[in-house]
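Worksheet: the structure to be examined is printed underneath.
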Amino acid sequence: MKQRVTKRYLTGIDWLIHTLDHMTRRATGAGNSSQIVMELNGIISENRLHDLLTRFIRKIPVVSGYTVRDYNLAPYWKTSLSESPRFPFNVRVMKDEDDVFPFLEKGINTPFENHREHLAFHVAYTGKRTFLAMTFDHCLFDARGAEAFLAMIHREWGGHEHRLEEISPPNPAHLDRWMDKFRSGQQVNRAFLKMAKNAPPRVLPSGSASHNRRFRFKIISFDEDETSRIIETAYEEAGYLMLMPYLLAVTTSVLHDIFTARQICSGDYIIPVNIDMRPSEKLEQEVFFNHVSFLMFRVQPPEADCFPLLLKSVKAQMYEQVKSGLSGHIREVSFLTRIAPLPILSHLIRMHFKGETGSFSFSYVGEAGYPFHRFMEKEIAGFFHMPRVPTPPGIGIFFHRFRGKLSATFSYLEDILTHDEADGIVETLRARFNG
């Protein structure tokens, strides 16, 4: 008789995300967290919001869980029904709207206090608008899962009841199908060896580890007409439904100019790209933990110098990786990594690229996992992400769509780029996407 699963064992991808968190925490003093910001038209009640969050989060003990190893050495997420989850709740009233963004940056750069704290909320009032930010630990959510969690909070406000077993089901240890995992390992190893022919990749110097290194953020927002033109251009130049490769190619081309200006000329560009692996209809049942995998792109210098060649290379690599099932193989072989302690695994995943993990990070989340136009009866005027980039590389750009509008967040460690360089990247990206 098959034994009933009662624990939420971490997947191999979960364990890799824990490793990125460990690496980033050692390099910067805070982990691999992110933040979703909603700009609301109108003022929401501070007390009603706090009561809503307290009432809802108290029902979800997984929010205050932590990782332990079971007797079989597989890591799992331990929760306690006897302790109510706690979360920081910071409120600020501001006369000057220019003070809002530094407040949000401070929120995302503030480490969680302990291994059981994975959420924080920050509220800024300015004029007749409210900025609500949810900081979250990537060990608990991926980006779309965090959006879906905000949607659950909105439904709670409307009186919807959530059942814990539906939103946080147990997960088996996956201590089986070893030959499939080893075959996937062979596929992944061959792909990584091919990408690492000219390792280490091109990287921007990120300085030495320090416990007070902050990330800075630049937000690029496009209206509906601009978004439509970007998608139309992408389909014309890259092909139908080829928005992600087009965004990646333009981003690589723009960042290549910075590397060239810095006279960083050795190595290829290695770009890890995370992709959501769950069907859209399963988002409400797969809110917590990480349901992503990765594609890996290698761009050689002659390609980076010529946009048509660059776009052609990115498209060809995506076709090849989708055809070979690389993202599925990465997800499968990652189960084998769970036996390794995080410090050891952090060294292992950098071996292929001689101490690096990539040149920069890239993500296209796609349509938001938050399907509503309002929050607590207030219209959402803006919706964007502020992710801390795994370090190394400590720099990345992340695209997102909400209500038909595309936005991009450029995230970087403040000592990697000067303010002028960062502003130049943002201005060039905006100009390139606007034709």
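FYI, nothing fancy with the structure tokens labels: chains A, B, ... in order, residues from 1 per chain, ligands from 1 as they appear.
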
To test your reading of the structure, identify every residue in segment 280-429 of chain A that backbone DSSP assigns to alpha helix (DSSP H), and report it as number ranges by chain. A: 301-304, 307-324, 326-333, 342-348, 419-429

Give me, as a PyMOL selection string, all polymer residues having an atom no more than 9 Å from segment 46-49 of chain A, counting only C-alpha atoms and skipping those fewer than 6 positions away in the same chain. chain A and resi 91+123+376

Would you tabulate, counting only C-alpha atoms, all residues of segment 278-314 of chain A that have an atom at most 10 Å from an atom of segment 250-272 of chain A, showing the closest pair of atoms and their distance in Å to one decimal, sorted by chain then ascending number, as a Markdown table?
```
| residue | atom | partner | partner_atom | distance |
| --- | --- | --- | --- | --- |
| A:Ser293 | CA | A:Pro272 | CA | 10.0 |
| A:Phe294 | CA | A:Pro272 | CA | 6.5 |
| A:Leu295 | CA | A:Pro272 | CA | 6.0 |
| A:Met296 | CA | A:Pro272 | CA | 4.7 |
| A:Phe297 | CA | A:Ile271 | CA | 5.1 |
| A:Arg298 | CA | A:Ile270 | CA | 4.7 |
| A:Val299 | CA | A:Tyr269 | CA | 5.0 |
| A:Gln300 | CA | A:Asp268 | CA | 4.9 |
| A:Pro301 | CA | A:Asp268 | CA | 6.4 |
| A:Pro302 | CA | A:Asp268 | CA | 9.8 |
| A:Glu303 | CA | A:Ser253 | CA | 9.1 |
| A:Ala304 | CA | A:Ser253 | CA | 5.9 |
| A:Asp305 | CA | A:Ser253 | CA | 7.5 |
| A:Cys306 | CA | A:Ser253 | CA | 8.3 |
| A:Phe307 | CA | A:Ser253 | CA | 6.8 |
| A:Leu310 | CA | A:Ser253 | CA | 7.9 |
| A:Leu311 | CA | A:Val250 | CA | 8.1 |
```

Please list as a list of chain:residue names every residue within 9 Å of Phe141 of chain A, counting only C-alpha atoms and excluding residues in the same chain fewer than 5 positions away. A:Phe136, A:Ala146, A:Phe149, A:Val287, A:Phe288, A:Phe289, A:Asn290, A:His291

Store the residues of this selection in a file with N, CA and C atoms, as a short mmCIF file (atom, residue, chain, number, x, y, z; two decimals), in the first residue's frame.
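Result file is selection_31.cif:
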```cif
data_model
loop_
_atom_site.label_atom_id
_atom_site.label_comp_id
_atom_site.auth_asym_id
_atom_site.auth_seq_id
_atom_site.Cartn_x
_atom_site.Cartn_y
_atom_site.Cartn_z
N PHE A 136 8.93 39.65 -0.63
CA PHE A 136 8.78 38.22 -0.41
C PHE A 136 10.09 37.49 -0.66
N ALA A 146 3.88 34.80 -6.18
CA ALA A 146 3.67 35.95 -5.31
C ALA A 146 2.50 36.79 -5.80
N PHE A 149 -0.56 35.09 -4.78
CA PHE A 149 -0.80 35.26 -3.35
C PHE A 149 -1.50 36.60 -3.09
N VAL A 287 0.67 27.97 -5.79
CA VAL A 287 1.05 29.34 -5.41
C VAL A 287 2.42 29.37 -4.76
N PHE A 288 2.65 28.47 -3.83
CA PHE A 288 3.86 28.50 -3.03
C PHE A 288 5.01 27.73 -3.68
N PHE A 289 6.21 28.13 -3.32
CA PHE A 289 7.46 27.52 -3.75
C PHE A 289 7.70 27.79 -5.24
N ASN A 290 8.62 27.09 -5.84
CA ASN A 290 9.14 27.50 -7.15
C ASN A 290 8.76 26.50 -8.24
N HIS A 291 8.09 27.02 -9.23
CA HIS A 291 7.60 26.20 -10.34
C HIS A 291 8.22 26.70 -11.64
#
```

From a DSSP calculation on the backbone, collect every residue of segment 135-364 of chain A in strand (DSSP E) and output the set as a VMD selection string. chain A and resid 135 to 137 215 to 221 269 to 276 292 to 299 361 to 364

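Non-sequential neighbours of Trp157 of chain A (distance at most 10 Å, separation of 3 or more positions within a chain, only C-alpha atoms) are Arg48, Leu49, Leu52, Leu53, Arg55, Phe56, Ala151, Met152, Ile153, His154, His160, Glu161, Phe375, Met376 and Glu377 of chain A.
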
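Residues surrounding Leu243 of chain A within 7 Å are Ile231, Ala234, Tyr235 and Leu247 of chain A [only C-alpha atoms; sequence separation below 4 positions excluded].
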
Print the selection's residues with N, CA, C and O atoms to a file, as a JSON list (two decimals), in the first residue's frame.
```json
[["chain", "number", "residue", "atom", "x", "y", "z"],
["A", 231, "ILE", "N", 5.24, 44.61, -29.37],
["A", 231, "ILE", "CA", 4.85, 43.24, -29.72],
["A", 231, "ILE", "C", 4.80, 43.07, -31.23],
["A", 231, "ILE", "O", 5.26, 42.06, -31.79],
["A", 234, "ALA", "N", 8.29, 42.86, -32.49],
["A", 234, "ALA", "CA", 8.86, 41.55, -32.13],
["A", 234, "ALA", "C", 8.38, 40.47, -33.09],
["A", 234, "ALA", "O", 9.17, 39.62, -33.54],
["A", 235, "TYR", "N", 7.09, 40.48, -33.41],
["A", 235, "TYR", "CA", 6.54, 39.46, -34.31],
["A", 235, "TYR", "C", 7.08, 39.63, -35.72],
["A", 235, "TYR", "O", 7.30, 38.64, -36.44],
["A", 247, "LEU", "N", 12.88, 40.49, -26.75],
["A", 247, "LEU", "CA", 13.24, 41.29, -25.57],
["A", 247, "LEU", "C", 14.65, 40.95, -25.09],
["A", 247, "LEU", "O", 15.43, 41.84, -24.73]]
```

Write out as a VMD selection string each polymer residue whose atoms come within 8 Å of segment 365-370 of chain A, counting only C-alpha atoms; drop sequence neighbours fewer than 6 positions from it. chain A and resid 143 to 145 147 to 148 150 to 151 275 to 276 283 398 to 403
